[in-house]
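Reading through the structure tokens given below for one structure.
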Amino acid sequence: MDEKYFAQKIEDKWQTKWRETGAFEADVDDTKPKFYALEMLPYPSGNLHMGHVRNYSIGDALAWYKRLKGFNVLHPIGWDSFGQPAEDAAIKRGANPRDWTEANIQHMTGQLQRLGLSYDWSRQMAAHRPDYYKFDQWFFIKMYEMGLAYKKKTQVNWCETDKAVLSNEQASGGLCWRCGNPVTKRDLEQWFLKTTNYADQLLDDMAEIETGWAEKVLKRQRDWIGRSEGAFVDFEVQSPKSKVRSSDSSDRIKVFTTRIDTIYGANAIVVAAEHPIVEANYEHFSDETKVIIENIKADKLKVTDHDAEIEKEGVDTGLEAVNPFSGEELPIWVGNYVMIEYGTGAVMSVPAHDERDFEFARKYHLPIRQVISEPHLAHEHHQMQTMSLEQAFTDYGVLVHSDNWNGKTSDDAKKAMTEYAVKHGFGEGATTYRLRDWGISRQRFWGAPIPVVYCEKCGIVPEKYENLPIELPQNMVLSDDIAGTSPLAKDENFVNTVCPNCGEPAKRETDTMDTFVDSCWYYFRYTDPQNGDLPFDPKVAEYWTPVDQYIGGDDHAVMHLIYTRFWTKVMRDIGLVKFNEPVKRLLTQGMVVGETFFDMIPNPEEPESAGKRQYFPPSSVTVERDAKGKIISAKSADGIVLKSAIERMSKSKGNGVDPDEMVEIYGADASRLFVLFAAPAENELVWNESGIEGTTRFLQRVWRFVHKWQAKLSEPSAVVDGLNSTNSNANENPPATTGGSDSRKLRQKTHQSIKRVTENFESLQFNTPVAALMELSNALYDFKGEPETASDADVFAIREAVESLILMLAPFAPHAAEELYSVLVGNENGMLANRARFPEFSAELAKSDEIEIPVQINGKLRSRLIASPEASNDELQKMALEDEKVREWTNGKEIVKVVVVPKRLVNIVVKG
RNA sequence: GCCGGCGUGGUCUAAAUGGCAAAGACGCGAGUCUUAGAAACUCGUUAAUGUGAGUUCAAAUCUCACCGCCGGUACCA
């Protein structure tokens, strides 16, 4: 053992050893409980960033902990290696996306290995390799056969900057999720997966994972699915000219409402500009009306500014519809606030009870009629025909001005009126969803080709399973002149094929799949990565899955995590898995952020907007701070006054920390230890370099202590049984009564620390156990004694503390722990080969001999008692009342009551 | 706007079930070592629950209002 701790040296040594012995390779073993620890797979951009380091440090700590706890741990890693940056690199630099991707994977694999992460590398997968995407295609065909994959012409979200189609999730907020630029709409033929078929399951099965997932993630998924219960109601349309009611069903407008109880307050029907009724009657509209309708349509293609509220616009079409409840004729308007995508694209406008309708009615002076009243005012409202409302009354209440329905509560009326509508054939109960089907077509090269063939005779034909994978061409020249068609369309060899059905010449689909398809099932592939016939063997997967702990950023709360839950349900229906939910517990780690400095560069094309941010690397910025460290001012090298913010770390913003550099300076162990120690895993981590030196110092302290006691620690006589036993539990220890009080105290601290660290791991806290280990290490230094003169009991206590400390350190700083452990056991086989186990605490030893009980008078601390841990409440109360200091406060006063919290506190309530 | 979450020393943070507000680290100060600085080591570090009310014997913890920050979301009928 070196006298000093050289991180580089021992890290290289153990990484090599682990690799050579396959220390972390896992196999099915029915004799052990399994644990599947999974972190979200990285995109091989070329470089690891601190967010990765945090994510993987958490996962690795947990994997180590579970291994030492005797679990058979699966801890794999792979690559989300399809997607745009590879293609962009190909266009920009003429690189081959495959070579670019493979090179990045190689480089990042090196980075991961330098961090010493305990992955089973033999199970690695990469989405862009044909042996993997073969099964993306396999799943697609399965879904096609099940009627879950279909093709439809739709308006899709289109990002002009990325030249890519985006799913609804990816275009959330009208901005591209990748580049942040506005999204426009285009008409394209697209492949969809019927996620909506599973909407109810996606919602209801959340009950199974409620305890293991953060509520905020489930809430976002719930909102995203957006189930809404209400009713469809048909309004018959009348032409203003004929005024003759048509019995033709096409002349009905179906609206969706959640508040059928307010239907007597309807003053109009408002439809989206794209509604069929508008198209059908378009020629009858005045020019003025047509202009307004066209303007509304055009505005919808524009960017939706995030903060600005859009002014309501509309026009009366002159058409009328009949309220089936009241028989009243209502004007049909086109309104910009009605969306064709949601519900039926038509609403009944009830301004008194809906904020949007209220605003609309105000603007166009439409009548506002209150039909729901607060229960205690219902009688008064009965007298009044109209109310001058300040704002819409959207609560439930009691119906008024609603014929026979008056006096019913909203709840009752909703049920009864829906039934009435069903009975008379003009309506039905209905549930709508915000969730749409998942559009997976991408007009890009670098993705899994959709395995479908177009045949003149047979139409759309899925490829045969035995023809999979449909491989991407090897040397495709990619260029920038794409405009909504896939680059693959230009490759005749790829496009021209024969129909799998009739054998005649046919053409291939040239769209590729959204990369979120790849990440839907990758962690099932890890269980059986070489399988050539199936995505994975259901039997093998049954052993390992579902995932016990998944760790990743909460930015994937609605995309990846909804898609993969959907995919699992499909796999269940195919018979590949037997459960509904793939992930039992989910930990969403906070972002790693840092200070950024930027100047706003105005955009000449949009002088109104604030412009674009131009970032300056922090090293080039002169910063002035106040006493609390808050930034007062910042200037660039040329004296420009800059703005500052705290943002997610990224290269382009200049606030990134390079993990390689950090590992080189401080070592992997100290780096990992620090990321976990600096903040709770779920919190945002504001990067602050200075703290890391503390963790280095801690490792050095532990190292120094072991070095000093080395000779004593490796003497076999020091411990009853060697460290090679599976457990160093308290049973084989000498009785607690032997040895001096110092060694007794140290043993107590050791067992208390084990208890704390174990509990912390079980509750997924990673910062607090590090603090506990630091305390234990401090306790060792507080222990007065020298190796030369220490008694057997002292040595025993020290050995127990050191051994526990080292084993508990393994999840955080595995290299240092391995090296120190090898000193203790006298061999270099490593902890796992030595069957080392996480220490177990003895409640007996962890218990204090005496406890300090604070005594309060009227809630204020006045004295302290020293008592035995076994002292009863009565004893504590008696001691407290007899205490001298307490008597000073209680003398001459009436004792109203004494509260005793067992083993913790006594509070005496006095009066006078 | 709406919906969540958070607010503890100079900083990051810790405190099952309401029960002694600070355990750990950073920073800072002094010292040892050193030609000096850095590193390392040793010792020290007066100071805090955003504001206001309420519930309670007892509130960082529960309730309400306000202030501030962060995240989500955007006319979903």
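Identifiers in the structure tokens: chain A, B, ... in order shown; residue index from 1 per chain; ligand index from 1 in order shown.
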### Task
Residues of chain B no more than 8 Å from chain A, counting only C-alpha atoms (C1' of nucleotides): send them over as a ChimeraX atom specification.
/B:4,10-14,19-20,23-26,57-58,72,74-77
### Message
Report as number ranges by chain all protein, DNA and RNA residues lying within 12 Å of Leu319 of chain A, evaluated on only C-alpha atoms (C1' of nucleotides), omitting residues in the same chain fewer than 3 positions from it.
### Response
A: 235-243, 245, 251-253, 268-271, 277-278, 280-282, 284-285, 315-316, 322, 329-334
With N, CA, C and O atoms kept, could you save the residues just selected as a short mmCIF file (atom, residue, chain, number, x, y, z; two decimals), in the first residue's frame?
data_model
loop_
_atom_site.label_atom_id
_atom_site.label_comp_id
_atom_site.auth_asym_id
_atom_site.auth_seq_id
_atom_site.Cartn_x
_atom_site.Cartn_y
_atom_site.Cartn_z
N PHE A 235 -76.74 19.14 -32.42
CA PHE A 235 -77.59 20.30 -32.70
C PHE A 235 -77.95 20.24 -34.18
O PHE A 235 -77.07 20.17 -35.03
N GLU A 236 -79.23 20.31 -34.48
CA GLU A 236 -79.61 20.29 -35.89
C GLU A 236 -79.38 21.64 -36.52
O GLU A 236 -79.65 22.69 -35.92
N VAL A 237 -78.88 21.59 -37.76
CA VAL A 237 -78.53 22.83 -38.45
C VAL A 237 -79.65 23.24 -39.38
O VAL A 237 -80.23 22.42 -40.07
N GLN A 238 -79.94 24.52 -39.39
CA GLN A 238 -80.93 25.05 -40.32
C GLN A 238 -80.23 26.00 -41.27
O GLN A 238 -79.37 26.77 -40.85
N SER A 239 -80.63 25.93 -42.50
CA SER A 239 -80.12 26.93 -43.42
C SER A 239 -80.92 28.20 -43.19
O SER A 239 -82.12 28.16 -42.99
N PRO A 240 -80.26 29.33 -43.18
CA PRO A 240 -80.99 30.57 -42.91
C PRO A 240 -82.02 30.89 -44.00
O PRO A 240 -83.00 31.58 -43.75
N LYS A 241 -81.75 30.38 -45.20
CA LYS A 241 -82.67 30.71 -46.29
C LYS A 241 -83.93 29.85 -46.21
O LYS A 241 -85.05 30.34 -46.17
N SER A 242 -83.72 28.59 -46.20
CA SER A 242 -84.89 27.71 -46.28
C SER A 242 -85.69 27.68 -44.98
O SER A 242 -86.90 27.61 -44.98
N LYS A 243 -84.94 27.83 -43.85
CA LYS A 243 -85.60 27.73 -42.55
C LYS A 243 -86.37 26.42 -42.40
O LYS A 243 -87.29 26.30 -41.61
N ARG A 245 -86.17 22.55 -41.45
CA ARG A 245 -85.31 21.62 -40.76
C ARG A 245 -85.02 20.42 -41.65
O ARG A 245 -85.91 19.88 -42.27
N ASP A 251 -76.55 17.17 -41.45
CA ASP A 251 -76.82 18.54 -41.08
C ASP A 251 -76.96 18.71 -39.57
O ASP A 251 -77.79 19.45 -39.09
N ARG A 252 -76.16 17.93 -38.91
CA ARG A 252 -76.13 18.10 -37.45
C ARG A 252 -74.73 18.49 -37.05
O ARG A 252 -73.75 18.06 -37.65
N ILE A 253 -74.66 19.27 -36.01
CA ILE A 253 -73.35 19.57 -35.44
C ILE A 253 -73.27 18.87 -34.10
O ILE A 253 -74.14 19.03 -33.26
N ALA A 268 -74.83 30.26 -28.53
CA ALA A 268 -74.31 30.06 -29.89
C ALA A 268 -73.62 28.73 -29.95
O ALA A 268 -73.29 28.13 -28.93
N ILE A 269 -73.41 28.27 -31.18
CA ILE A 269 -72.52 27.15 -31.42
C ILE A 269 -71.27 27.77 -32.04
O ILE A 269 -71.38 28.57 -32.97
N VAL A 270 -70.12 27.43 -31.51
CA VAL A 270 -68.88 27.95 -32.09
C VAL A 270 -68.06 26.78 -32.61
O VAL A 270 -67.86 25.80 -31.90
N VAL A 271 -67.66 26.88 -33.88
CA VAL A 271 -66.91 25.77 -34.48
C VAL A 271 -65.53 26.26 -34.90
O VAL A 271 -65.30 27.46 -35.08
N ILE A 277 -68.65 21.74 -41.41
CA ILE A 277 -69.84 22.54 -41.67
C ILE A 277 -69.45 23.86 -42.36
O ILE A 277 -70.20 24.41 -43.16
N VAL A 278 -68.24 24.31 -42.05
CA VAL A 278 -67.76 25.55 -42.67
C VAL A 278 -67.47 25.29 -44.15
O VAL A 278 -67.87 26.03 -45.03
N ALA A 280 -68.71 22.91 -45.98
CA ALA A 280 -69.94 22.58 -46.71
C ALA A 280 -70.74 23.80 -47.11
O ALA A 280 -71.43 23.80 -48.13
N ASN A 281 -70.64 24.83 -46.30
CA ASN A 281 -71.46 26.01 -46.60
C ASN A 281 -70.65 27.19 -47.07
O ASN A 281 -71.15 28.31 -47.16
N TYR A 282 -69.39 26.92 -47.37
CA TYR A 282 -68.44 27.99 -47.63
C TYR A 282 -68.93 28.96 -48.71
O TYR A 282 -68.85 30.17 -48.58
N HIS A 284 -71.75 29.91 -49.58
CA HIS A 284 -72.84 30.81 -49.22
C HIS A 284 -72.39 31.98 -48.36
O HIS A 284 -73.14 32.90 -48.13
N PHE A 285 -71.15 31.90 -47.86
CA PHE A 285 -70.70 32.95 -46.95
C PHE A 285 -70.38 34.23 -47.71
O PHE A 285 -69.99 34.20 -48.88
N VAL A 315 -66.63 34.94 -36.30
CA VAL A 315 -67.59 35.53 -37.24
C VAL A 315 -68.84 34.67 -37.26
O VAL A 315 -68.79 33.44 -37.14
N ASP A 316 -69.97 35.35 -37.37
CA ASP A 316 -71.26 34.66 -37.46
C ASP A 316 -71.43 34.13 -38.88
O ASP A 316 -71.32 34.89 -39.83
N VAL A 322 -80.32 24.24 -33.69
CA VAL A 322 -81.40 24.20 -32.71
C VAL A 322 -80.95 23.48 -31.45
O VAL A 322 -80.43 22.37 -31.50
N GLU A 329 -83.27 28.59 -31.34
CA GLU A 329 -82.36 28.66 -32.48
C GLU A 329 -81.13 29.47 -32.11
O GLU A 329 -81.25 30.59 -31.61
N LEU A 330 -79.96 28.88 -32.35
CA LEU A 330 -78.72 29.54 -31.97
C LEU A 330 -77.88 29.81 -33.20
O LEU A 330 -77.83 29.00 -34.12
N PRO A 331 -77.23 30.96 -33.24
CA PRO A 331 -76.35 31.24 -34.38
C PRO A 331 -75.12 30.33 -34.34
O PRO A 331 -74.65 29.96 -33.27
N ILE A 332 -74.61 30.00 -35.52
CA ILE A 332 -73.36 29.23 -35.59
C ILE A 332 -72.23 30.18 -35.95
O ILE A 332 -72.28 30.85 -36.99
N TRP A 333 -71.26 30.25 -35.09
CA TRP A 333 -70.10 31.12 -35.30
C TRP A 333 -68.86 30.25 -35.59
O TRP A 333 -68.80 29.08 -35.22
N VAL A 334 -67.93 30.90 -36.27
CA VAL A 334 -66.59 30.31 -36.33
C VAL A 334 -65.75 31.08 -35.33
O VAL A 334 -65.82 32.31 -35.27
#
### Message
What parts of segment 216-464 of chain A does DSSP call strand (DSSP E)? I'd like the answer as number ranges by chain.
### Response
A: 228-238, 252-257, 268-271, 314-322, 329-335, 346-349, 372-373, 398-399, 427-432, 438-439, 441-442, 452-455, 459-462
### Task
List the neighbours of Tyr132 of chain A out to 9 Å using only C-alpha atoms (C1' of nucleotides); skip same-chain residues closer than 5 positions along the sequence, and give me the result as number ranges by chain.
A: 125-127, 469, 518, 522, 525, 529, 535
Let's have the selection written as a PDB file, in the first residue's frame, with C-alpha atoms.
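Output file selection_5.pdb is given in full below:
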ATOM      1  CA  MET A 125     -26.910  -2.481 -27.256  1.00  0.00           C
ATOM      2  CA  ALA A 126     -26.898   0.298 -29.836  1.00  0.00           C
ATOM      3  CA  ALA A 127     -30.062   1.406 -31.599  1.00  0.00           C
ATOM      4  CA  PRO A 469     -33.797  -6.268 -40.938  1.00  0.00           C
ATOM      5  CA  ASP A 518     -35.742   2.602 -29.967  1.00  0.00           C
ATOM      6  CA  TYR A 522     -34.065  -1.267 -25.093  1.00  0.00           C
ATOM      7  CA  ARG A 525     -33.091  -6.202 -24.969  1.00  0.00           C
ATOM      8  CA  PRO A 529     -28.940  -8.978 -26.194  1.00  0.00           C
ATOM      9  CA  PRO A 535     -36.483  -9.045 -29.411  1.00  0.00           C
TER      10      PRO A 535
END
Do a neighbour search on Ala448 of chain A at 12 Å with only C-alpha atoms (C1' of nucleotides), toss out local chain neighbours closer than 2 positions, and write the hits as a short mmCIF file (atom, residue, chain, number, x, y, z; two decimals) with N, CA, C and O atoms, in the first residue's frame.
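out_20.cif written:
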data_model
loop_
_atom_site.label_atom_id
_atom_site.label_comp_id
_atom_site.auth_asym_id
_atom_site.auth_seq_id
_atom_site.Cartn_x
_atom_site.Cartn_y
_atom_site.Cartn_z
N SER A 81 -28.60 5.51 -30.32
CA SER A 81 -27.68 6.01 -31.33
C SER A 81 -28.28 6.35 -32.69
O SER A 81 -27.54 6.66 -33.61
N PHE A 82 -29.59 6.31 -32.81
CA PHE A 82 -30.20 6.87 -34.01
C PHE A 82 -30.59 8.31 -33.70
O PHE A 82 -30.84 8.65 -32.55
N GLY A 83 -30.69 9.12 -34.73
CA GLY A 83 -31.18 10.46 -34.50
C GLY A 83 -30.39 11.52 -35.23
O GLY A 83 -29.39 11.24 -35.90
N ALA A 127 -28.84 1.36 -30.79
CA ALA A 127 -30.06 1.41 -31.60
C ALA A 127 -29.80 1.38 -33.10
O ALA A 127 -30.62 0.90 -33.87
N HIS A 128 -28.64 1.89 -33.52
CA HIS A 128 -28.41 2.04 -34.96
C HIS A 128 -27.88 0.76 -35.61
O HIS A 128 -27.69 0.71 -36.80
N ARG A 129 -27.58 -0.26 -34.79
CA ARG A 129 -27.05 -1.48 -35.38
C ARG A 129 -28.20 -2.37 -35.81
O ARG A 129 -29.20 -2.51 -35.10
N PRO A 130 -28.04 -2.98 -36.99
CA PRO A 130 -29.15 -3.74 -37.58
C PRO A 130 -29.68 -4.84 -36.67
O PRO A 130 -30.87 -5.13 -36.68
N ASP A 131 -28.80 -5.42 -35.82
CA ASP A 131 -29.29 -6.50 -34.97
C ASP A 131 -30.29 -5.98 -33.94
O ASP A 131 -31.06 -6.74 -33.38
N TYR A 132 -30.22 -4.66 -33.69
CA TYR A 132 -31.22 -4.08 -32.78
C TYR A 132 -32.44 -3.59 -33.55
O TYR A 132 -33.57 -3.96 -33.24
N TYR A 133 -32.22 -2.76 -34.58
CA TYR A 133 -33.40 -2.15 -35.20
C TYR A 133 -34.22 -3.15 -36.01
O TYR A 133 -35.35 -2.88 -36.36
N LYS A 134 -33.61 -4.30 -36.26
CA LYS A 134 -34.38 -5.40 -36.83
C LYS A 134 -35.67 -5.59 -36.03
O LYS A 134 -36.74 -5.85 -36.57
N PHE A 135 -35.54 -5.45 -34.71
CA PHE A 135 -36.71 -5.72 -33.88
C PHE A 135 -37.62 -4.50 -33.67
O PHE A 135 -38.77 -4.64 -33.31
N ASP A 136 -37.09 -3.31 -33.94
CA ASP A 136 -38.00 -2.16 -34.07
C ASP A 136 -38.98 -2.50 -35.20
O ASP A 136 -40.18 -2.26 -35.10
N GLN A 137 -38.40 -3.04 -36.27
CA GLN A 137 -39.21 -3.38 -37.45
C GLN A 137 -40.14 -4.56 -37.14
O GLN A 137 -41.29 -4.57 -37.56
N TRP A 138 -39.62 -5.50 -36.40
CA TRP A 138 -40.42 -6.66 -35.99
C TRP A 138 -41.65 -6.19 -35.22
O TRP A 138 -42.78 -6.61 -35.48
N PHE A 139 -41.42 -5.28 -34.26
CA PHE A 139 -42.53 -4.75 -33.47
C PHE A 139 -43.52 -3.99 -34.36
O PHE A 139 -44.73 -4.09 -34.19
N PHE A 140 -42.96 -3.24 -35.32
CA PHE A 140 -43.85 -2.47 -36.20
C PHE A 140 -44.80 -3.40 -36.95
O PHE A 140 -46.00 -3.15 -37.03
N ILE A 440 -45.09 8.30 -35.91
CA ILE A 440 -43.70 7.84 -35.83
C ILE A 440 -42.91 8.02 -37.11
O ILE A 440 -41.73 7.73 -37.15
N SER A 441 -43.57 8.49 -38.17
CA SER A 441 -42.83 8.67 -39.44
C SER A 441 -41.88 9.84 -39.34
O SER A 441 -42.25 10.91 -38.87
N ARG A 442 -40.69 9.63 -39.83
CA ARG A 442 -39.73 10.74 -39.92
C ARG A 442 -39.13 10.70 -41.31
O ARG A 442 -38.70 9.64 -41.78
N GLN A 443 -39.05 11.87 -41.92
CA GLN A 443 -38.46 11.93 -43.26
C GLN A 443 -36.97 12.15 -43.13
O GLN A 443 -36.41 13.12 -43.60
N ARG A 444 -36.34 11.22 -42.42
CA ARG A 444 -34.92 11.34 -42.16
C ARG A 444 -34.24 10.02 -42.52
O ARG A 444 -34.87 8.99 -42.63
N PHE A 445 -32.92 10.11 -42.64
CA PHE A 445 -32.16 8.92 -43.00
C PHE A 445 -31.81 8.06 -41.78
O PHE A 445 -32.00 6.85 -41.78
N TRP A 446 -31.36 8.71 -40.72
CA TRP A 446 -30.71 8.00 -39.63
C TRP A 446 -31.73 7.47 -38.60
O TRP A 446 -31.83 7.96 -37.48
N ILE A 450 -39.08 2.00 -41.88
CA ILE A 450 -40.39 1.40 -41.62
C ILE A 450 -40.59 0.26 -42.62
O ILE A 450 -40.54 0.48 -43.83
N PRO A 451 -40.77 -0.95 -42.14
CA PRO A 451 -40.70 -2.14 -43.01
C PRO A 451 -41.99 -2.40 -43.77
O PRO A 451 -42.70 -3.38 -43.51
N VAL A 452 -42.28 -1.53 -44.72
CA VAL A 452 -43.52 -1.64 -45.47
C VAL A 452 -43.22 -1.46 -46.95
O VAL A 452 -42.30 -0.73 -47.31
N LEU A 468 -36.31 -9.33 -42.44
CA LEU A 468 -35.77 -8.31 -41.55
C LEU A 468 -34.31 -8.65 -41.20
O LEU A 468 -33.98 -9.83 -41.13
N PRO A 469 -33.47 -7.70 -40.91
CA PRO A 469 -33.80 -6.27 -40.94
C PRO A 469 -33.78 -5.68 -42.35
O PRO A 469 -33.03 -6.16 -43.20
N ILE A 470 -34.62 -4.69 -42.57
CA ILE A 470 -34.49 -3.87 -43.77
C ILE A 470 -33.40 -2.86 -43.44
O ILE A 470 -33.60 -1.96 -42.64
N GLU A 471 -32.24 -3.07 -44.04
CA GLU A 471 -31.08 -2.26 -43.63
C GLU A 471 -30.98 -0.95 -44.36
O GLU A 471 -31.36 -0.84 -45.54
N LEU A 472 -30.43 0.03 -43.66
CA LEU A 472 -30.12 1.30 -44.28
C LEU A 472 -28.97 1.10 -45.25
O LEU A 472 -28.08 0.29 -44.98
N PRO A 473 -28.98 1.82 -46.39
CA PRO A 473 -27.84 1.72 -47.30
C PRO A 473 -26.55 2.15 -46.61
O PRO A 473 -26.56 2.99 -45.72
N LEU A 488 -33.89 8.59 -48.16
CA LEU A 488 -33.90 7.23 -48.69
C LEU A 488 -34.64 7.15 -50.03
O LEU A 488 -34.37 6.25 -50.84
N GLU A 509 -41.36 1.80 -48.47
CA GLU A 509 -41.56 2.99 -47.64
C GLU A 509 -40.18 3.59 -47.37
O GLU A 509 -39.23 2.85 -47.07
N THR A 510 -40.06 4.90 -47.47
CA THR A 510 -38.74 5.51 -47.28
C THR A 510 -38.65 6.31 -45.98
O THR A 510 -37.60 6.86 -45.66
N ASP A 511 -39.76 6.38 -45.25
CA ASP A 511 -39.69 7.05 -43.95
C ASP A 511 -39.04 6.13 -42.93
O ASP A 511 -39.12 4.90 -43.03
N THR A 512 -38.42 6.75 -41.95
CA THR A 512 -37.84 5.98 -40.84
C THR A 512 -38.62 6.29 -39.56
O THR A 512 -39.45 7.18 -39.53
N MET A 513 -38.30 5.52 -38.53
CA MET A 513 -39.07 5.66 -37.29
C MET A 513 -38.48 6.70 -36.36
O MET A 513 -37.26 6.86 -36.27
N ASP A 514 -39.35 7.34 -35.64
CA ASP A 514 -38.99 8.22 -34.54
C ASP A 514 -38.03 7.47 -33.60
O ASP A 514 -38.23 6.29 -33.31
N THR A 515 -37.00 8.15 -33.13
CA THR A 515 -36.03 7.45 -32.28
C THR A 515 -36.60 7.05 -30.93
O THR A 515 -36.00 6.25 -30.21
N PHE A 516 -37.73 7.63 -30.56
CA PHE A 516 -38.32 7.21 -29.30
C PHE A 516 -38.82 5.77 -29.36
O PHE A 516 -39.07 5.15 -28.33
N VAL A 517 -38.94 5.24 -30.58
CA VAL A 517 -39.27 3.81 -30.71
C VAL A 517 -38.14 2.97 -30.11
O VAL A 517 -38.37 2.02 -29.38
N ASP A 518 -36.90 3.38 -30.42
CA ASP A 518 -35.74 2.60 -29.97
C ASP A 518 -35.71 2.49 -28.44
O ASP A 518 -35.38 1.45 -27.89
#
### Task
Give me the residues within 10 Å of Val702 of chain A as a ChimeraX atom specification, counting only C-alpha atoms (C1' of nucleotides) and dropping any in the same chain fewer than 2 places off.
/A:5,697-700,704-707,773-774,776-778,780-781,802,805-806,816-817,820
Output C-alpha atoms of each residue in that selection to a file, as a CSV table (one decimal), in the first residue's frame.
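Generated file (result06.csv):
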chain,number,residue,atom,x,y,z
A,5,TYR,CA,-3.6,8.1,-2.0
A,697,ARG,CA,-9.6,15.2,1.4
A,698,PHE,CA,-12.1,12.7,2.9
A,699,LEU,CA,-10.7,9.9,0.8
A,700,GLN,CA,-7.2,10.8,1.7
A,704,ARG,CA,-4.1,7.7,5.7
A,705,PHE,CA,-5.9,6.0,8.6
A,706,VAL,CA,-5.8,2.6,7.0
A,707,HIS,CA,-2.1,3.1,6.1
A,773,LEU,CA,-19.3,8.0,6.4
A,774,MET,CA,-17.4,11.2,7.0
A,776,LEU,CA,-17.5,7.6,11.0
A,777,SER,CA,-14.1,8.6,9.6
A,778,ASN,CA,-13.9,11.6,12.0
A,780,LEU,CA,-11.8,7.1,13.9
A,781,TYR,CA,-9.5,10.1,14.1
A,802,VAL,CA,-12.6,0.5,9.2
A,805,LEU,CA,-16.4,2.2,6.4
A,806,ILE,CA,-14.6,0.6,3.5
A,816,ALA,CA,-10.5,3.3,-3.3
A,817,ALA,CA,-12.7,0.9,-1.5
A,820,LEU,CA,-8.3,-0.6,0.9
### Query
Distance atom CA of Ser671 of chain A-atom CA of Leu48 of chain A, one decimal place?
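So the answer is 13.8 Å.
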Would you kindly return, as a PDB file with N, CA and C atoms, in the first residue's frame, each protein, DNA or RNA residue with an atom no farther than 12 Å from any atom of Gly503 of chain A, considering only C-alpha atoms (C1' of nucleotides) and excluding same-chain residues fewer than 4 positions away?
ATOM      1  N   VAL A 453     -43.977  -2.176 -47.793  1.00  0.00           N
ATOM      2  CA  VAL A 453     -43.761  -2.102 -49.231  1.00  0.00           C
ATOM      3  C   VAL A 453     -45.075  -1.687 -49.896  1.00  0.00           C
ATOM      4  N   TYR A 454     -44.954  -0.830 -50.906  1.00  0.00           N
ATOM      5  CA  TYR A 454     -46.141  -0.413 -51.645  1.00  0.00           C
ATOM      6  C   TYR A 454     -46.169  -1.138 -52.982  1.00  0.00           C
ATOM      7  N   CYS A 455     -47.232  -1.915 -53.182  1.00  0.00           N
ATOM      8  CA  CYS A 455     -47.349  -2.717 -54.394  1.00  0.00           C
ATOM      9  C   CYS A 455     -48.574  -2.237 -55.152  1.00  0.00           C
ATOM     10  N   GLU A 456     -48.434  -2.116 -56.468  1.00  0.00           N
ATOM     11  CA  GLU A 456     -49.568  -1.616 -57.251  1.00  0.00           C
ATOM     12  C   GLU A 456     -50.767  -2.535 -57.142  1.00  0.00           C
ATOM     13  N   LYS A 457     -50.453  -3.847 -57.059  1.00  0.00           N
ATOM     14  CA  LYS A 457     -51.546  -4.817 -57.005  1.00  0.00           C
ATOM     15  C   LYS A 457     -52.079  -4.996 -55.589  1.00  0.00           C
ATOM     16  N   CYS A 458     -51.151  -5.155 -54.630  1.00  0.00           N
ATOM     17  CA  CYS A 458     -51.555  -5.550 -53.273  1.00  0.00           C
ATOM     18  C   CYS A 458     -51.711  -4.380 -52.315  1.00  0.00           C
ATOM     19  N   VAL A 461     -48.135  -3.472 -48.085  1.00  0.00           N
ATOM     20  CA  VAL A 461     -47.806  -4.826 -47.629  1.00  0.00           C
ATOM     21  C   VAL A 461     -46.655  -4.747 -46.628  1.00  0.00           C
ATOM     22  N   GLU A 463     -43.426  -6.045 -44.640  1.00  0.00           N
ATOM     23  CA  GLU A 463     -42.361  -6.988 -44.975  1.00  0.00           C
ATOM     24  C   GLU A 463     -42.570  -8.307 -44.237  1.00  0.00           C
ATOM     25  N   THR A 497     -37.957  -2.753 -54.916  1.00  0.00           N
ATOM     26  CA  THR A 497     -37.912  -4.073 -54.315  1.00  0.00           C
ATOM     27  C   THR A 497     -39.020  -4.899 -54.949  1.00  0.00           C
ATOM     28  N   VAL A 498     -39.273  -6.052 -54.372  1.00  0.00           N
ATOM     29  CA  VAL A 498     -40.416  -6.823 -54.867  1.00  0.00           C
ATOM     30  C   VAL A 498     -41.435  -6.966 -53.743  1.00  0.00           C
ATOM     31  N   CYS A 499     -42.671  -7.104 -54.151  1.00  0.00           N
ATOM     32  CA  CYS A 499     -43.746  -7.224 -53.180  1.00  0.00           C
ATOM     33  C   CYS A 499     -43.608  -8.558 -52.435  1.00  0.00           C
ATOM     34  N   LYS A 507     -42.373  -0.743 -54.395  1.00  0.00           N
ATOM     35  CA  LYS A 507     -41.521   0.302 -53.803  1.00  0.00           C
ATOM     36  C   LYS A 507     -41.575   0.254 -52.281  1.00  0.00           C
TER      37      LYS A 507
END
### Message
For a test of reading the model, state the distance in Å between atom C1' of A65 of chain B and atom C1' of A53 of chain B, rounded to one decimal.
### Response
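Between these atoms lies a distance of 7.9 Å.
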